[in-house]
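Notes follow the structure.
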Amino acid sequence: MISRPIRLRRRCDCSRERWLGASGSAVRTLSLFLILLSASSFVQVQGRLSSPGSSSSHAPSDTGTYLTQQHLQSIASFDPANPPQRPRTSSSRATSTSSARDLQTSPTDNAKCRPLQIAEWLRLLQSETDAEFDITEEVAEAAGVDPTLLLARAQLMWQDTTDFEWDRAIAATAERNLPAPFVVCMEQPSLQGRLQSGFRRRKFVRDRIRDAISDMGGDEVWRKVILRTLYNGDDMFCVYSLMDAAVAQNIDFDGCAVQPMTMSMKLMPRTVQMLLDKVKECKDEIDSKTDRNNGSDRQRQRREQDTVLDLLLSDSDVNGNGDVLDCDALNVARPAADIILCPGSLTYNQISALGAGDPSYIVASLTSKKGNQASSIAEQVYWTSTEAEQYRRTESARAEYWREALEEAGSFRCNTVIETKLQWSVRHSDDGDFSVLRVVYDASTAEQWESGCVGSLIAGLAVRQDVCGLEIAADIGVSNYNANWMVQSGVQDETPWTDVGLDGEGQVVALSDTGIDVNNCYFYDADYEKPSEYLDTNGHRNIAMYRSYADDKDEELGHGTHVGAIIVGNRAPDGKSEESGVANGIAPAAKLAFIDISSTAGQLSPPNDNEVLSTGRVTRDRSSPAAHIHSMSWGSKNVFYYNNAARMFDNFMFANDDFLAVVAAGNEGLNDKETSVGAPGNAKNVLSVGASHSFGDDLEQSQLGPSYVADFSSRGPTSDGRICPDVVAPGKYILSAAARPNNPGACDPRNGDIPEPSGDTDGLYSQAGSSMSAPLVAGSAALIRQYFEEGWHGDGAKGSESPMSPSGALVKAVLINGAQADLIGVDNGRKGITEVKPYDNNQGFGRVSLVDSVYIKGKTDVSLKYWDLETLFDGDAAKTYQVRINKSRGCDADVLSVTLAWIEEGSAPGCTKCLLNDLDLYITEDGRESVRYHPNGRSIKDDVNNVERVVIDGVSDGSEYTIHVDPYNLNSLSQKYAVVATGCFGGVANEIDTSKNVFLGDSTSVRSGGEGNGGSTNSTTKIIIIVCASCGGAIALCLGLALLRRFRQKDKKAKSKKKRKKTEEQAPSIAELRRGKTG
């Protein structure tokens, strides 16, 4: 995936080292060094917090907090042994209502279950709670304290906020008969001496809520209570739901905890920071354009805090000529937010209204006809409420942010903004229990005073009793001559799948991207000027559907044309006669069902997730689904936690078990950046694809060979610890079709010269990115489906078994089970090589290898056994499957590989343990239970991933293995799954000479100018040595001066840090506190 505009890929991902071989290297090397040194100093200055001596008391950090001198001193002086006290006065809201059901003024004390501790919540869900309560490394560093003190101080604020939210919930029930959102947890991991599944614990919690309602003399309220699993672990089980506050107080069982949902619990991670960043992106563009137009600095004399507020969401300005500049004109996406409504919060009429595009019932609650709208919202926010003063013993740095935002919004004018400048849409969830609202702020004609209105809107939505979550919509961006044989066999020019006719015939692959140049020779059809808007598999030769959602074209060298041709590209210069081409796709006989999600301005603007994933699923006559695979080379550039988009993708696949989404992992992995796979590539059920190197002419001179992961490829693990990406495939560089909208018929160059890596020539284009890897794997998935649908799964020949339609879980399991974890490392260029290993954060389960995935007689190394759509129920004993190693017909593979995969429902956004149904795979040999082979490189069970793989090396002929699948902890009544096993099960020998596999050994093949480390690489190395020698003196001088300067700057810091060194060494980090370590 790659950020907009797409053409920037070559500047970002490509040709980073080619300049080393030029004659001017010494000058460029010294210049680069000085630039980097200057940039380092600039970053240090920009990254500082407001120092204690700063003159400004309103300088926010990147997370939207105001770390003033007074606040830092307050943190440093906090004494956990002697915390500040608060007055125990009555809540006016609770006591002024006669129908408060005899609830007293201390609602937390009156609840029969204890509240959650803040440390527990941090472990249960990712949210804005860290930043909202000052529990960040940033604050710890600025205040000079260890994280345990921050946690103790945050617990004090958490207690006060909890009491405030209890009061709000009580008032909502008493005054308006409205339920409020609560989290209910069960600490007890076992009942009657044995571990209970999530399904049974949820039933237990549901029964206890039923008891609480019955004790109060009513059953009608029960119908309003819908439980949604938040966390299903061995140590704790939690759900969230809307319920009457009195019911929540009456819940009672051993090990229970009941917590009202606060505003910070609902806000997803980095909500405020993303809000600021989103607008700052546009403001920076506007400022830059205005500066260029004016030829001088624009006026920047307003107070610093006003500047910050302008960034909230005011994304328009006026240049020196009086022209309005807006984000749309500058190719910057409008700010948007997703509001996750609580389960059961919508009435039938509200659902109907939202489906018809009428959000009036929400808008009415956000506007005020009688009083100040911002003041009304401020009374619902803990940091700004006057009623909360009775609880508030200390304040977070974030409080000042909310205070200023709501003060700025104190005007009736905000009603106009909310009523006229917000665009609403509904995204129904496949699980049917709640929906997501998308709200987009139209700031094309915004005025400065509107910024506070939008800030108050975020708060106003988050404090609603029917809202369970809110996140700023993520920025999304778009993330084969050699590639085909690399994925099929690993042996140069050997394409066994294509040779036997497995070329995608009869398959439809859905693709969402920027557009397709239908006149490029790899797509051109002389009989169809344009493909059909509806799915028509009998029409255009390789595009069965082209839905013009955003527009109906691709831009020059557009992303979509390149990606689409990697899947189905099939050269036909006359639009009729198909022939071999250097950029033919992996499945050239398949067809695309395409949805164009990029406007002419270059912005990606897809419809809701379900609509995207439904592309090509139903034919025009509404008969049967046609597209079982969807390839996505786009996703979030700045959201790396499990968000609502990931949840929607998981729910779609859960509701459609024939379907598999193949998603690019992203290009955010430079400098070995962990947890950099963006949503939805980090969803549980999708197949996430990272990028590895290509081969031969598709490599730059400086690149190592195909046995290396690309440096930019995004890395795992996911934020909840799952393996990610799942697999890797060639993505640096891939040759494919080039979009030439002004040159119809563009094709391969007449002289036969193909483009250099990152270059383009006529109708061909070479690009790098996981965007190129994902369609390669999606096309491979289409071949897997064709394999089963044509009956190859019997004895490795077409028709040897009855045709079957594989589930998405089976296709995913087949690709992962055949993946080879034999890559050497990550090629970081001048920064060296990062070691990789199986199941790690770099290559996941390994590189895709079709020859190791299924059995084709005489063309592959292994035979195949599978079990699809198997079902286990809660409480069932483990199911077992037997395989026997049989080498009698010539198969000589000495490896047994077994993979279990299952598709489960989506989890709560922000989940820290996203796995809901925990199945366990283990293998025993020859009936001996004493020795178990556990999955994913572990010596014990895996309770994190919904894909588990066991690889056993050195298996002997005649050995028998038993595959066990155990329903250890199910959150639902049952779970479907697929199991795949490959090995020698009586197949014949492979006729392909696999000793020529380019992945065997330390492959460092470079471009065709030389092999190994020879050829042009040697001459480049000599030049580098000469350059280094000639400029070494200059660099040494610069280094000396820089080090001296840095030493003086850091001397004072070093002395102060030395005093607390011992404490810091013993204190846990913020991440460790999240995992439950307390020192």
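Residue names in the structure tokens use chain letters A, B, ... in the order shown, residue numbers from 1 in each chain, and ligand numbers from 1 in the order shown.
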Using the chain letters and numbers from this document, which residues of segment 544-735 of chain A does DSSP assign to strand (DSSP E), as a PyMOL selection string? chain A and resi 544-547+591-596+627-632+634-636+660-664+687-693+708-710+727-735
Near Ser766 of chain A, within 6 Å and counting only C-alpha atoms, which residues show up once chain neighbours fewer than 6 positions away are dropped, as a count of residues only? 5
Compile the contact shell of Thr262 of chain A as a ChimeraX atom specification: residues with an atom at most 9 Å away, counting only C-alpha atoms, same-chain residues fewer than 6 positions apart removed. /A:161-162,164-165,181,382,462-463
I need the residues from that last selection saved to file as a PDB file, in the first residue's frame (with N, CA and C atoms), if you can.
```
ATOM      1  N   THR A 161     -13.884   9.705  37.969  1.00  0.00           N
ATOM      2  CA  THR A 161     -14.642   9.672  36.717  1.00  0.00           C
ATOM      3  C   THR A 161     -15.718   8.598  36.770  1.00  0.00           C
ATOM      4  N   THR A 162     -15.389   7.452  37.369  1.00  0.00           N
ATOM      5  CA  THR A 162     -16.353   6.360  37.473  1.00  0.00           C
ATOM      6  C   THR A 162     -17.580   6.790  38.260  1.00  0.00           C
ATOM      7  N   PHE A 164     -18.696   9.811  38.631  1.00  0.00           N
ATOM      8  CA  PHE A 164     -19.402  10.786  37.801  1.00  0.00           C
ATOM      9  C   PHE A 164     -20.256  10.072  36.746  1.00  0.00           C
ATOM     10  N   GLU A 165     -19.705   9.034  36.118  1.00  0.00           N
ATOM     11  CA  GLU A 165     -20.445   8.320  35.079  1.00  0.00           C
ATOM     12  C   GLU A 165     -21.591   7.510  35.672  1.00  0.00           C
ATOM     13  N   PRO A 181     -24.450   2.478  28.774  1.00  0.00           N
ATOM     14  CA  PRO A 181     -23.517   1.392  28.466  1.00  0.00           C
ATOM     15  C   PRO A 181     -22.661   1.016  29.672  1.00  0.00           C
ATOM     16  N   TYR A 382     -16.648  14.882  31.941  1.00  0.00           N
ATOM     17  CA  TYR A 382     -16.142  14.926  33.317  1.00  0.00           C
ATOM     18  C   TYR A 382     -15.218  16.110  33.549  1.00  0.00           C
ATOM     19  N   ALA A 462     -19.449  11.201  21.925  1.00  0.00           N
ATOM     20  CA  ALA A 462     -18.832  10.211  22.821  1.00  0.00           C
ATOM     21  C   ALA A 462     -19.579  10.068  24.140  1.00  0.00           C
ATOM     22  N   VAL A 463     -20.239  11.133  24.603  1.00  0.00           N
ATOM     23  CA  VAL A 463     -20.931  11.045  25.890  1.00  0.00           C
ATOM     24  C   VAL A 463     -22.376  10.580  25.746  1.00  0.00           C
TER      25      VAL A 463
END
```
With segment 776-779 of chain A as the partner and 9 Å as the cut-off, tabulate the residues of segment 507-611 of chain A that qualify, each row holding the nearest pair of atoms and their distance in Å to one decimal, using only C-alpha atoms, sorted by chain and rising number, as CSV.
```
residue,atom,partner,partner_atom,distance
A:Val509,CA,A:Gly779,CA,7.5
A:Val563,CA,A:Leu776,CA,8.7
A:Ile566,CA,A:Leu776,CA,6.2
A:Ile567,CA,A:Gly779,CA,5.0
A:Val568,CA,A:Gly779,CA,7.6
A:Gly585,CA,A:Gly779,CA,7.9
A:Ile586,CA,A:Gly779,CA,5.7
A:Ala587,CA,A:Gly779,CA,5.5
A:Pro588,CA,A:Gly779,CA,8.9
A:Ala590,CA,A:Gly779,CA,8.4
```
File of the preceding selection, N, CA and C atoms, as a PDB file, in the first residue's frame:
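Full text of out_32.pdb as output:
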```
ATOM      1  N   VAL A 509     -12.444 -12.674  -9.592  1.00  0.00           N
ATOM      2  CA  VAL A 509     -11.767 -12.059  -8.448  1.00  0.00           C
ATOM      3  C   VAL A 509     -12.223 -10.612  -8.345  1.00  0.00           C
ATOM      4  N   VAL A 563      -2.268  -3.131 -10.600  1.00  0.00           N
ATOM      5  CA  VAL A 563      -2.670  -4.190  -9.680  1.00  0.00           C
ATOM      6  C   VAL A 563      -3.580  -5.200 -10.371  1.00  0.00           C
ATOM      7  N   ILE A 566      -1.832  -7.707 -12.613  1.00  0.00           N
ATOM      8  CA  ILE A 566      -1.082  -8.743 -11.891  1.00  0.00           C
ATOM      9  C   ILE A 566      -1.962  -9.972 -11.682  1.00  0.00           C
ATOM     10  N   ILE A 567      -3.277  -9.761 -11.565  1.00  0.00           N
ATOM     11  CA  ILE A 567      -4.204 -10.886 -11.367  1.00  0.00           C
ATOM     12  C   ILE A 567      -4.624 -11.494 -12.700  1.00  0.00           C
ATOM     13  N   VAL A 568      -5.197 -10.689 -13.603  1.00  0.00           N
ATOM     14  CA  VAL A 568      -5.842 -11.248 -14.804  1.00  0.00           C
ATOM     15  C   VAL A 568      -5.277 -10.698 -16.103  1.00  0.00           C
ATOM     16  N   GLY A 585      -0.929 -11.923 -16.152  1.00  0.00           N
ATOM     17  CA  GLY A 585      -1.214 -12.121 -14.739  1.00  0.00           C
ATOM     18  C   GLY A 585      -1.045 -13.552 -14.284  1.00  0.00           C
ATOM     19  N   ILE A 586      -1.152 -13.753 -12.985  1.00  0.00           N
ATOM     20  CA  ILE A 586      -1.014 -15.077 -12.381  1.00  0.00           C
ATOM     21  C   ILE A 586      -2.207 -15.957 -12.737  1.00  0.00           C
ATOM     22  N   ALA A 587      -3.385 -15.356 -13.004  1.00  0.00           N
ATOM     23  CA  ALA A 587      -4.592 -16.100 -13.386  1.00  0.00           C
ATOM     24  C   ALA A 587      -5.181 -15.451 -14.635  1.00  0.00           C
ATOM     25  N   PRO A 588      -4.511 -15.558 -15.789  1.00  0.00           N
ATOM     26  CA  PRO A 588      -4.909 -14.786 -16.974  1.00  0.00           C
ATOM     27  C   PRO A 588      -6.265 -15.164 -17.545  1.00  0.00           C
ATOM     28  N   ALA A 590      -8.907 -15.801 -15.628  1.00  0.00           N
ATOM     29  CA  ALA A 590      -9.936 -15.347 -14.683  1.00  0.00           C
ATOM     30  C   ALA A 590     -10.469 -13.982 -15.112  1.00  0.00           C
TER      31      ALA A 590
END
```
Could you give me, as a PyMOL selection string, each residue of segment 580-732 of chain A that DSSP assigns to helix (DSSP H, G or I) when run on this structure's backbone? chain A and resi 609-613+644-655+670-672+696-698
Export C-alpha atoms of the chosen residues as an mmCIF file, in the first residue's frame?
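Okay, this is what ended up in part39.cif:
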```
data_model
loop_
_atom_site.group_PDB
_atom_site.id
_atom_site.type_symbol
_atom_site.label_atom_id
_atom_site.label_comp_id
_atom_site.auth_asym_id
_atom_site.auth_seq_id
_atom_site.Cartn_x
_atom_site.Cartn_y
_atom_site.Cartn_z
ATOM 1 C CA ASP A 609 -17.106 -1.871 3.918
ATOM 2 C CA ASN A 610 -19.983 -4.273 3.254
ATOM 3 C CA GLU A 611 -20.691 -2.572 -0.062
ATOM 4 C CA VAL A 612 -17.051 -2.841 -1.125
ATOM 5 C CA LEU A 613 -16.818 -6.506 -0.157
ATOM 6 C CA ASN A 644 -14.149 -0.908 13.308
ATOM 7 C CA ALA A 645 -13.097 -1.527 9.687
ATOM 8 C CA ALA A 646 -11.255 -4.688 10.761
ATOM 9 C CA ARG A 647 -14.347 -5.777 12.665
ATOM 10 C CA MET A 648 -16.615 -5.189 9.666
ATOM 11 C CA PHE A 649 -14.301 -7.223 7.413
ATOM 12 C CA ASP A 650 -14.274 -10.084 9.924
ATOM 13 C CA ASN A 651 -18.049 -10.019 10.239
ATOM 14 C CA PHE A 652 -18.519 -10.064 6.465
ATOM 15 C CA MET A 653 -16.324 -13.135 6.111
ATOM 16 C CA PHE A 654 -18.035 -14.766 9.094
ATOM 17 C CA ALA A 655 -21.428 -14.248 7.404
ATOM 18 C CA LEU A 670 10.946 0.847 7.291
ATOM 19 C CA ASN A 671 13.509 0.672 10.083
ATOM 20 C CA ASP A 672 11.972 -2.637 11.217
ATOM 21 C CA GLY A 696 16.616 -10.958 -12.055
ATOM 22 C CA ASP A 697 15.617 -7.957 -14.146
ATOM 23 C CA ASP A 698 12.976 -7.022 -11.573
#
```
Just give me the gap between atom CA of Gly581 of chain A and atom CA of Ser736 of chain A in Å, one decimal is fine. 9.8 Å
Quick one: everything within 12 Å of Asn743 of chain A, counting only C-alpha atoms, minus sequence neighbours fewer than 6 positions away in the same chain. Send it as a ChimeraX atom specification. /A:517-521,555-557,762-763
What's around His562 of chain A at 8 Å? Count only C-alpha atoms, leave out sequence neighbours fewer than 2 positions away in its own chain, and write the answer as a short mmCIF file (atom, residue, chain, number, x, y, z; two decimals) with all heavy atoms, in the first residue's frame.
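The resulting result.cif:
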```
data_model
loop_
_atom_site.label_atom_id
_atom_site.label_comp_id
_atom_site.auth_asym_id
_atom_site.auth_seq_id
_atom_site.Cartn_x
_atom_site.Cartn_y
_atom_site.Cartn_z
N LEU A 557 -0.35 6.23 -15.24
CA LEU A 557 0.41 5.29 -14.41
C LEU A 557 -0.35 4.96 -13.12
O LEU A 557 0.23 4.85 -12.05
CB LEU A 557 1.81 5.84 -14.08
CG LEU A 557 2.73 6.10 -15.27
CD1 LEU A 557 4.08 6.64 -14.79
CD2 LEU A 557 2.93 4.83 -16.09
N GLY A 558 -1.65 4.80 -13.25
CA GLY A 558 -2.50 4.57 -12.10
C GLY A 558 -2.25 3.22 -11.43
O GLY A 558 -1.79 2.25 -12.05
N HIS A 559 -2.61 3.19 -10.17
CA HIS A 559 -2.38 2.03 -9.32
C HIS A 559 -3.26 0.84 -9.71
O HIS A 559 -2.81 -0.31 -9.76
CB HIS A 559 -2.66 2.45 -7.87
CG HIS A 559 -2.27 1.47 -6.83
ND1 HIS A 559 -3.14 0.55 -6.31
CD2 HIS A 559 -1.10 1.27 -6.18
CE1 HIS A 559 -2.53 -0.17 -5.38
NE2 HIS A 559 -1.29 0.25 -5.28
N GLY A 560 -4.55 1.10 -9.99
CA GLY A 560 -5.49 0.03 -10.24
C GLY A 560 -5.18 -0.79 -11.47
O GLY A 560 -5.34 -2.02 -11.47
N GLY A 564 -4.56 -4.70 -11.14
CA GLY A 564 -5.49 -5.61 -11.81
C GLY A 564 -4.81 -6.54 -12.79
O GLY A 564 -5.17 -7.72 -12.89
N ALA A 565 -3.83 -6.02 -13.53
CA ALA A 565 -3.13 -6.86 -14.51
C ALA A 565 -2.28 -7.93 -13.84
O ALA A 565 -2.03 -8.98 -14.43
CB ALA A 565 -2.27 -5.99 -15.42
N ILE A 566 -1.83 -7.71 -12.61
CA ILE A 566 -1.08 -8.74 -11.89
C ILE A 566 -1.96 -9.97 -11.68
O ILE A 566 -1.48 -11.10 -11.68
CB ILE A 566 -0.58 -8.20 -10.54
CG1 ILE A 566 0.48 -7.11 -10.77
CG2 ILE A 566 -0.01 -9.32 -9.67
CD1 ILE A 566 0.93 -6.43 -9.49
N SER A 736 4.10 -4.89 -14.60
CA SER A 736 2.70 -5.10 -14.96
C SER A 736 2.28 -4.01 -15.93
O SER A 736 3.11 -3.25 -16.44
CB SER A 736 1.83 -5.08 -13.69
OG SER A 736 0.50 -5.44 -13.98
N ALA A 737 0.97 -3.92 -16.18
CA ALA A 737 0.45 -2.98 -17.16
C ALA A 737 0.52 -1.54 -16.64
O ALA A 737 0.37 -1.29 -15.44
CB ALA A 737 -0.98 -3.33 -17.52
N ALA A 738 0.70 -0.60 -17.56
CA ALA A 738 0.73 0.83 -17.24
C ALA A 738 -0.51 1.50 -17.76
O ALA A 738 -0.91 1.29 -18.92
CB ALA A 738 1.97 1.48 -17.85
N ALA A 739 -1.14 2.30 -16.92
CA ALA A 739 -2.29 3.09 -17.35
C ALA A 739 -1.81 4.27 -18.19
O ALA A 739 -0.99 5.07 -17.74
CB ALA A 739 -3.08 3.58 -16.14
N TYR A 765 4.84 -1.01 -16.69
CA TYR A 765 5.21 -0.20 -15.54
C TYR A 765 5.72 -1.14 -14.46
O TYR A 765 5.14 -2.19 -14.18
CB TYR A 765 3.98 0.57 -15.05
CG TYR A 765 4.20 1.58 -13.95
CD1 TYR A 765 5.45 2.11 -13.66
CD2 TYR A 765 3.11 2.02 -13.19
CE1 TYR A 765 5.61 3.06 -12.65
CE2 TYR A 765 3.26 2.97 -12.19
CZ TYR A 765 4.51 3.48 -11.92
OH TYR A 765 4.67 4.40 -10.92
#
```
Leaving out segment 819-824 of chain A and any residue of its chain fewer than 6 positions from it, which residues lie within 6 Å of it when counting only C-alpha atoms, given as JSON, numbers by chain? {"A": [707, 708, 838, 846, 847, 848, 849]}
Suppose we keep all heavy atoms; can you now write the selection as a short mmCIF file (atom, residue, chain, number, x, y, z; two decimals), in the first residue's frame?
```cif
data_model
loop_
_atom_site.label_atom_id
_atom_site.label_comp_id
_atom_site.auth_asym_id
_atom_site.auth_seq_id
_atom_site.Cartn_x
_atom_site.Cartn_y
_atom_site.Cartn_z
N SER A 707 15.29 -14.18 -1.69
CA SER A 707 15.18 -14.75 -0.34
C SER A 707 15.11 -13.68 0.75
O SER A 707 15.42 -13.96 1.91
CB SER A 707 16.36 -15.69 -0.06
OG SER A 707 16.31 -16.80 -0.90
N TYR A 708 14.71 -12.47 0.38
CA TYR A 708 14.70 -11.38 1.36
C TYR A 708 13.36 -10.66 1.37
O TYR A 708 12.72 -10.48 0.33
CB TYR A 708 15.83 -10.38 1.05
CG TYR A 708 17.19 -10.98 1.27
CD1 TYR A 708 17.81 -11.71 0.26
CD2 TYR A 708 17.84 -10.85 2.50
CE1 TYR A 708 19.06 -12.29 0.46
CE2 TYR A 708 19.08 -11.42 2.71
CZ TYR A 708 19.68 -12.15 1.69
OH TYR A 708 20.90 -12.73 1.91
N PRO A 838 10.78 -18.49 11.21
CA PRO A 838 9.37 -18.86 11.04
C PRO A 838 8.48 -18.24 12.11
O PRO A 838 8.87 -18.08 13.26
CB PRO A 838 9.40 -20.40 11.17
CG PRO A 838 10.79 -20.79 10.79
CD PRO A 838 11.67 -19.67 11.27
N GLY A 846 5.47 -17.48 6.08
CA GLY A 846 6.45 -17.69 5.01
C GLY A 846 5.98 -17.17 3.67
O GLY A 846 4.93 -16.54 3.54
N ARG A 847 6.76 -17.47 2.64
CA ARG A 847 6.45 -17.05 1.27
C ARG A 847 5.47 -18.03 0.63
O ARG A 847 5.54 -19.24 0.86
CB ARG A 847 7.72 -16.94 0.43
CG ARG A 847 8.45 -18.27 0.28
CD ARG A 847 9.63 -18.21 -0.66
NE ARG A 847 10.32 -19.51 -0.69
CZ ARG A 847 9.96 -20.52 -1.48
NH1 ARG A 847 8.93 -20.40 -2.30
NH2 ARG A 847 10.63 -21.67 -1.45
N VAL A 848 4.56 -17.52 -0.17
CA VAL A 848 3.58 -18.37 -0.84
C VAL A 848 4.29 -19.27 -1.84
O VAL A 848 5.13 -18.82 -2.63
CB VAL A 848 2.52 -17.51 -1.55
CG1 VAL A 848 1.64 -18.36 -2.46
CG2 VAL A 848 1.67 -16.79 -0.52
N SER A 849 3.96 -20.56 -1.80
CA SER A 849 4.55 -21.55 -2.71
C SER A 849 3.48 -22.55 -3.10
O SER A 849 3.16 -23.46 -2.34
CB SER A 849 5.74 -22.26 -2.03
OG SER A 849 6.24 -23.29 -2.86
#
```
One number please: atom CA of Gly844 of chain A to atom CA of Gly569 of chain A, in Å, one decimal.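 One can read the atom CA of Gly844 of chain A to atom CA of Gly569 of chain A distance as 28.2 Å.
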d(atom CA of Val988 of chain A, atom CA of Thr860 of chain A) in Å: 8.8 Å
List the spatial neighbours of Gln465 of chain A as a list in words - criterion: any atom at most 8 Å away, only C-alpha atoms, same-chain residues fewer than 3 positions off excluded.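 Those residues are Ala169, Ala172, Leu178, Pro179, Ala180, Pro181 and Cys468 of chain A.
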Export of prior selection with all heavy atoms as a PDB file, in the first residue's frame:
```
ATOM      1  N   ALA A 169     -25.454   7.841  34.479  1.00  0.00           N
ATOM      2  CA  ALA A 169     -26.264   6.683  34.107  1.00  0.00           C
ATOM      3  C   ALA A 169     -27.559   6.637  34.920  1.00  0.00           C
ATOM      4  O   ALA A 169     -28.639   6.335  34.392  1.00  0.00           O
ATOM      5  CB  ALA A 169     -25.460   5.406  34.318  1.00  0.00           C
ATOM      6  N   ALA A 172     -29.887   9.267  33.583  1.00  0.00           N
ATOM      7  CA  ALA A 172     -30.459   8.893  32.288  1.00  0.00           C
ATOM      8  C   ALA A 172     -31.630   7.940  32.468  1.00  0.00           C
ATOM      9  O   ALA A 172     -32.653   8.047  31.780  1.00  0.00           O
ATOM     10  CB  ALA A 172     -29.378   8.244  31.414  1.00  0.00           C
ATOM     11  N   LEU A 178     -33.705   5.984  29.979  1.00  0.00           N
ATOM     12  CA  LEU A 178     -32.723   5.515  29.005  1.00  0.00           C
ATOM     13  C   LEU A 178     -31.701   4.603  29.666  1.00  0.00           C
ATOM     14  O   LEU A 178     -31.214   4.909  30.762  1.00  0.00           O
ATOM     15  CB  LEU A 178     -31.991   6.711  28.372  1.00  0.00           C
ATOM     16  CG  LEU A 178     -32.805   7.623  27.461  1.00  0.00           C
ATOM     17  CD1 LEU A 178     -31.916   8.776  26.997  1.00  0.00           C
ATOM     18  CD2 LEU A 178     -33.340   6.853  26.266  1.00  0.00           C
ATOM     19  N   PRO A 179     -31.351   3.503  29.032  1.00  0.00           N
ATOM     20  CA  PRO A 179     -30.261   2.675  29.549  1.00  0.00           C
ATOM     21  C   PRO A 179     -28.922   3.335  29.263  1.00  0.00           C
ATOM     22  O   PRO A 179     -28.835   4.281  28.469  1.00  0.00           O
ATOM     23  CB  PRO A 179     -30.419   1.369  28.783  1.00  0.00           C
ATOM     24  CG  PRO A 179     -31.028   1.777  27.484  1.00  0.00           C
ATOM     25  CD  PRO A 179     -31.933   2.947  27.795  1.00  0.00           C
ATOM     26  N   ALA A 180     -27.886   2.853  29.897  1.00  0.00           N
ATOM     27  CA  ALA A 180     -26.537   3.378  29.708  1.00  0.00           C
ATOM     28  C   ALA A 180     -25.588   2.216  29.420  1.00  0.00           C
ATOM     29  O   ALA A 180     -25.871   1.069  29.779  1.00  0.00           O
ATOM     30  CB  ALA A 180     -26.082   4.146  30.953  1.00  0.00           C
ATOM     31  N   PRO A 181     -24.450   2.478  28.774  1.00  0.00           N
ATOM     32  CA  PRO A 181     -23.517   1.392  28.466  1.00  0.00           C
ATOM     33  C   PRO A 181     -22.661   1.016  29.672  1.00  0.00           C
ATOM     34  O   PRO A 181     -22.078   1.884  30.334  1.00  0.00           O
ATOM     35  CB  PRO A 181     -22.668   1.988  27.343  1.00  0.00           C
ATOM     36  CG  PRO A 181     -22.716   3.469  27.558  1.00  0.00           C
ATOM     37  CD  PRO A 181     -24.047   3.765  28.182  1.00  0.00           C
ATOM     38  N   CYS A 468     -21.198   3.370  22.002  1.00  0.00           N
ATOM     39  CA  CYS A 468     -20.224   2.505  22.692  1.00  0.00           C
ATOM     40  C   CYS A 468     -18.809   2.677  22.160  1.00  0.00           C
ATOM     41  O   CYS A 468     -17.874   2.089  22.717  1.00  0.00           O
ATOM     42  CB  CYS A 468     -20.638   1.043  22.577  1.00  0.00           C
ATOM     43  SG  CYS A 468     -21.890   0.549  23.784  1.00  0.00           S
TER      44      CYS A 468
END
```
Which residue of A:Gln188, A:Thr871, A:Ser853, A:Thr148 approaches Ser972 of chain A most closely, using only C-alpha atoms: A:Thr871
